[in-house]
Structure formats: C-alpha cells, structure tokens
Amino acid sequence: MKLIESQTYQNLARSYAGECQARTRYEFMEYGARNQGYKQLAELIDKVVYNEFNHARMFYMKLQDASNSPIENIDVCAGYPFKQKWDLEENLKIAAEDELKEIELYKEFAETAKEEGFPEIEQLFLNVAQVENCHAMRFKELHKQFKNNTMYKKNKAVKWKCADCGYEATLKSAWETCPLCQAKQGSVMLIFDEE
C-alpha cells in the first residue's frame, strides 16, 4: 500500500493540524502568563510550544515524503478543542487533559500505521505520544502549583534562582523582588521536585 492511499496518510494530516492548533493554543497561554508577570511560567510553556512546532514539522515532512509532486490540498475532518479561555489556572488544567487525549489518539494512529505496514511512522506516533505524556505531567504539576499557590512557596527551604541575573538563595519562599537585579517574582525559576 502506498502511504498517500492509506489511513495513516490521513492520520498524519490530522496530526499535523492538531499540533499546529495545540501550538497556537499554548502560545495564547504563554502570552497570558507573560502578561500576568509569570515570566518563567511563560518560558516553560514556550518550550512546549517549540516541541509542538517540531511535532508538526515531523508530520508535515512525512506527508511531503509521500508525494513526488506538491500536495495541493488534504481535507482534514476531525474535532479539535476550543476550551481555553483567558484564565491561566484553568488553561493549565485543560492543557494537561488535552495532552492525555492526544496520547490515546497517537497510540491509535500508531496501531493503524503498524497494520498498514508503516513501521517508521508507527514509531513516530509512539515517540510523539511519549513527549505528549511529559507535557501532560508538566501541565498537571504547573496547574497544581498555580491552584495551590505553591509555585513560589515550598514546605522546606529550597534553592531559588533568578533567571534574569542568576542570584540564588535557599528559602521556603521565593523573594517578591530579586535582591540583586530587582526583577519581579515571575522571573524566579520554577521548582518541580522538592526532594
């Protein structure tokens, strides 16, 4: 079976569209975080944005490899989420949920690719699913810290670092203004594991 005649081809197109949309949704979230003064949170979200860009790029390349001539159009019929609003806490929760749904979808797409005889594309879907799992866990943790107001407060003293100037101090709570460069608390690097 030729890739261009397969369900896997359609799944690549759906995946490309989905990754492009996820990237844009996360750019909205990054914009909101930055505007609310959460500079380091925005930087973490921006890393996910770049990951989604590269996922889309990989799917796009596979689509291009399927044809020797330019692809005029691929009709993509699929549902995509439009749940995010301008609420950062809720968006972090929704992002984690959406990433978990993508994992299941990519596992299904991998199975289809396997059945249709495209092992390289099967592995691509499985690899992207693994990264989406990391994204889901990251968004889940960020949501928990944001909701519980523990993003800049910990149960024990930890090393906080200003991403702007490199100033470090071991405290239970991050400073509101960096003692060295006067950057706001949103510039403090976030901590995920207190252990």
# chains A, B, ... in the order shown; residues from 1 in each chain; ligands from 1

call {"tool": "residues_around", "arguments": {"residues": "Ala163 of chain A", "least_positions_apart": "6", "cutoff": "6 Å", "atoms": "only C-alpha atoms", "output": "ChimeraX atom specification"}}
result
/A:187-189

call {"tool": "write_last_selection", "arguments": {"atoms": "N, CA, C and O atoms", "output": "JSON list (two decimals), in the first residue's frame"}}
result
[["chain", "number", "residue", "atom", "x", "y", "z"],
["A", 187, "SER", "N", 10.17, 36.11, 37.57],
["A", 187, "SER", "CA", 11.45, 35.77, 36.94],
["A", 187, "SER", "C", 12.19, 34.67, 37.70],
["A", 187, "SER", "O", 13.22, 34.19, 37.23],
["A", 188, "VAL", "N", 11.66, 34.27, 38.85],
["A", 188, "VAL", "CA", 12.28, 33.19, 39.62],
["A", 188, "VAL", "C", 12.04, 31.87, 38.91],
["A", 188, "VAL", "O", 10.91, 31.57, 38.49],
["A", 189, "MET", "N", 13.08, 31.09, 38.77],
["A", 189, "MET", "CA", 12.96, 29.79, 38.10],
["A", 189, "MET", "C", 12.07, 28.88, 38.96],
["A", 189, "MET", "O", 12.21, 28.83, 40.17]]

call {"tool": "residues_around", "arguments": {"residues": "Leu92 of chain A", "least_positions_apart": "2", "cutoff": "6 Å", "atoms": "only C-alpha atoms", "output": "list of chain:residue names"}}
result
A:Glu89, A:Glu90, A:Ile94, A:Ala95, A:Phe139, A:His143

call {"tool": "closest_residue", "arguments": {"among": "A:Arg14, A:Lys2, A:Arg34, A:Lys161", "to": "Ala78 of chain A", "atoms": "only C-alpha atoms"}}
result
A:Arg14

call {"tool": "closest_residue", "arguments": {"among": "A:Ala22, A:Leu105, A:Ala33, A:Ile45", "to": "Leu126 of chain A", "atoms": "only C-alpha atoms"}}
result
A:Leu105

call {"tool": "closest_residue", "arguments": {"among": "A:Lys62, A:Lys147, A:Lys114, A:His135", "to": "Glu102 of chain A", "atoms": "only C-alpha atoms"}}
result
A:His135

call {"tool": "residues_around", "arguments": {"residues": "segment 68-74 of chain A", "least_positions_apart": "3", "cutoff": "10 Å", "atoms": "only C-alpha atoms", "output": "PyMOL selection string"}}
result
chain A and resi 9-10+13-14+63-65+77

call {"tool": "write_last_selection", "arguments": {"atoms": "C-alpha atoms", "output": "PDB file, in the first residue's frame"}}
result
ATOM      1  CA  TYR A   9      -1.680   9.451   5.485  1.00  0.00           C
ATOM      2  CA  GLN A  10      -4.944  10.975   6.729  1.00  0.00           C
ATOM      3  CA  ALA A  13      -2.602  15.235   8.181  1.00  0.00           C
ATOM      4  CA  ARG A  14      -4.863  15.231  11.260  1.00  0.00           C
ATOM      5  CA  LEU A  63       3.265  13.988   4.306  1.00  0.00           C
ATOM      6  CA  GLN A  64       5.682  15.624   1.862  1.00  0.00           C
ATOM      7  CA  ASP A  65       7.679  12.381   1.550  1.00  0.00           C
ATOM      8  CA  CYS A  77     -12.070  16.121   9.075  1.00  0.00           C
TER       9      CYS A  77
END

call {"tool": "residues_around", "arguments": {"residues": "Trp160 of chain A", "least_positions_apart": "6", "cutoff": "12 Å", "atoms": "only C-alpha atoms", "output": "ChimeraX atom specification"}}
result
/A:151-154,166-176,178,185-192,194

call {"tool": "atom_distance", "arguments": {"atom1": "atom CA of Gly79 of chain A", "atom2": "atom CA of Glu141 of chain A"}}
result
26.5 Å

call {"tool": "select_by_dssp", "arguments": {"residues": "segment 55-94 of chain A", "states": "alpha helix (DSSP H)", "output": "PyMOL selection string"}}
result
chain A and resi 55-65+88-94

call {"tool": "closest_residue", "arguments": {"among": "A:Phe125, A:Phe118, A:Trp86, A:Phe28", "to": "Ile103 of chain A", "atoms": "only C-alpha atoms"}}
result
A:Phe125

call {"tool": "atom_distance", "arguments": {"atom1": "atom CA of Gln130 of chain A", "atom2": "atom CA of Tyr16 of chain A"}}
result
16.6 Å

call {"tool": "select_by_dssp", "arguments": {"residues": "segment 4-165 of chain A", "states": "strand (DSSP E or B)", "output": "ChimeraX atom specification"}}
result
/A:153-162

call {"tool": "atom_distance", "arguments": {"atom1": "atom CA of Glu122 of chain A", "atom2": "atom CA of Cys20 of chain A"}}
result
20.1 Å

call {"tool": "residues_around", "arguments": {"residues": "Glu104 of chain A", "least_positions_apart": "4", "cutoff": "8 Å", "atoms": "only C-alpha atoms", "output": "PyMOL selection string"}}
result
chain A and resi 100+108+129

call {"tool": "write_last_selection", "arguments": {"atoms": "N, CA, C and O atoms", "output": "PDB file, in the first residue's frame"}}
result
ATOM      1  N   LEU A 100      -3.316  14.402  27.392  1.00  0.00           N
ATOM      2  CA  LEU A 100      -3.642  12.994  27.656  1.00  0.00           C
ATOM      3  C   LEU A 100      -4.513  12.412  26.543  1.00  0.00           C
ATOM      4  O   LEU A 100      -4.339  11.254  26.151  1.00  0.00           O
ATOM      5  N   GLU A 108      -3.511   5.088  18.867  1.00  0.00           N
ATOM      6  CA  GLU A 108      -4.399   4.529  17.840  1.00  0.00           C
ATOM      7  C   GLU A 108      -3.783   4.694  16.452  1.00  0.00           C
ATOM      8  O   GLU A 108      -3.813   3.770  15.639  1.00  0.00           O
ATOM      9  N   ALA A 129       3.760  10.510  21.229  1.00  0.00           N
ATOM     10  CA  ALA A 129       2.904  10.201  22.382  1.00  0.00           C
ATOM     11  C   ALA A 129       3.707  10.255  23.683  1.00  0.00           C
ATOM     12  O   ALA A 129       3.220  10.755  24.705  1.00  0.00           O
TER      13      ALA A 129
END

call {"tool": "residues_around", "arguments": {"residues": "Thr8 of chain A", "least_positions_apart": "6", "cutoff": "8 Å", "atoms": "only C-alpha atoms", "output": "ChimeraX atom specification"}}
result
/A:109,112-113,116

call {"tool": "closest_residue", "arguments": {"among": "A:Asn127, A:Asn91, A:Gln7, A:Gln40", "to": "Lys107 of chain A", "atoms": "only C-alpha atoms"}}
result
A:Asn127
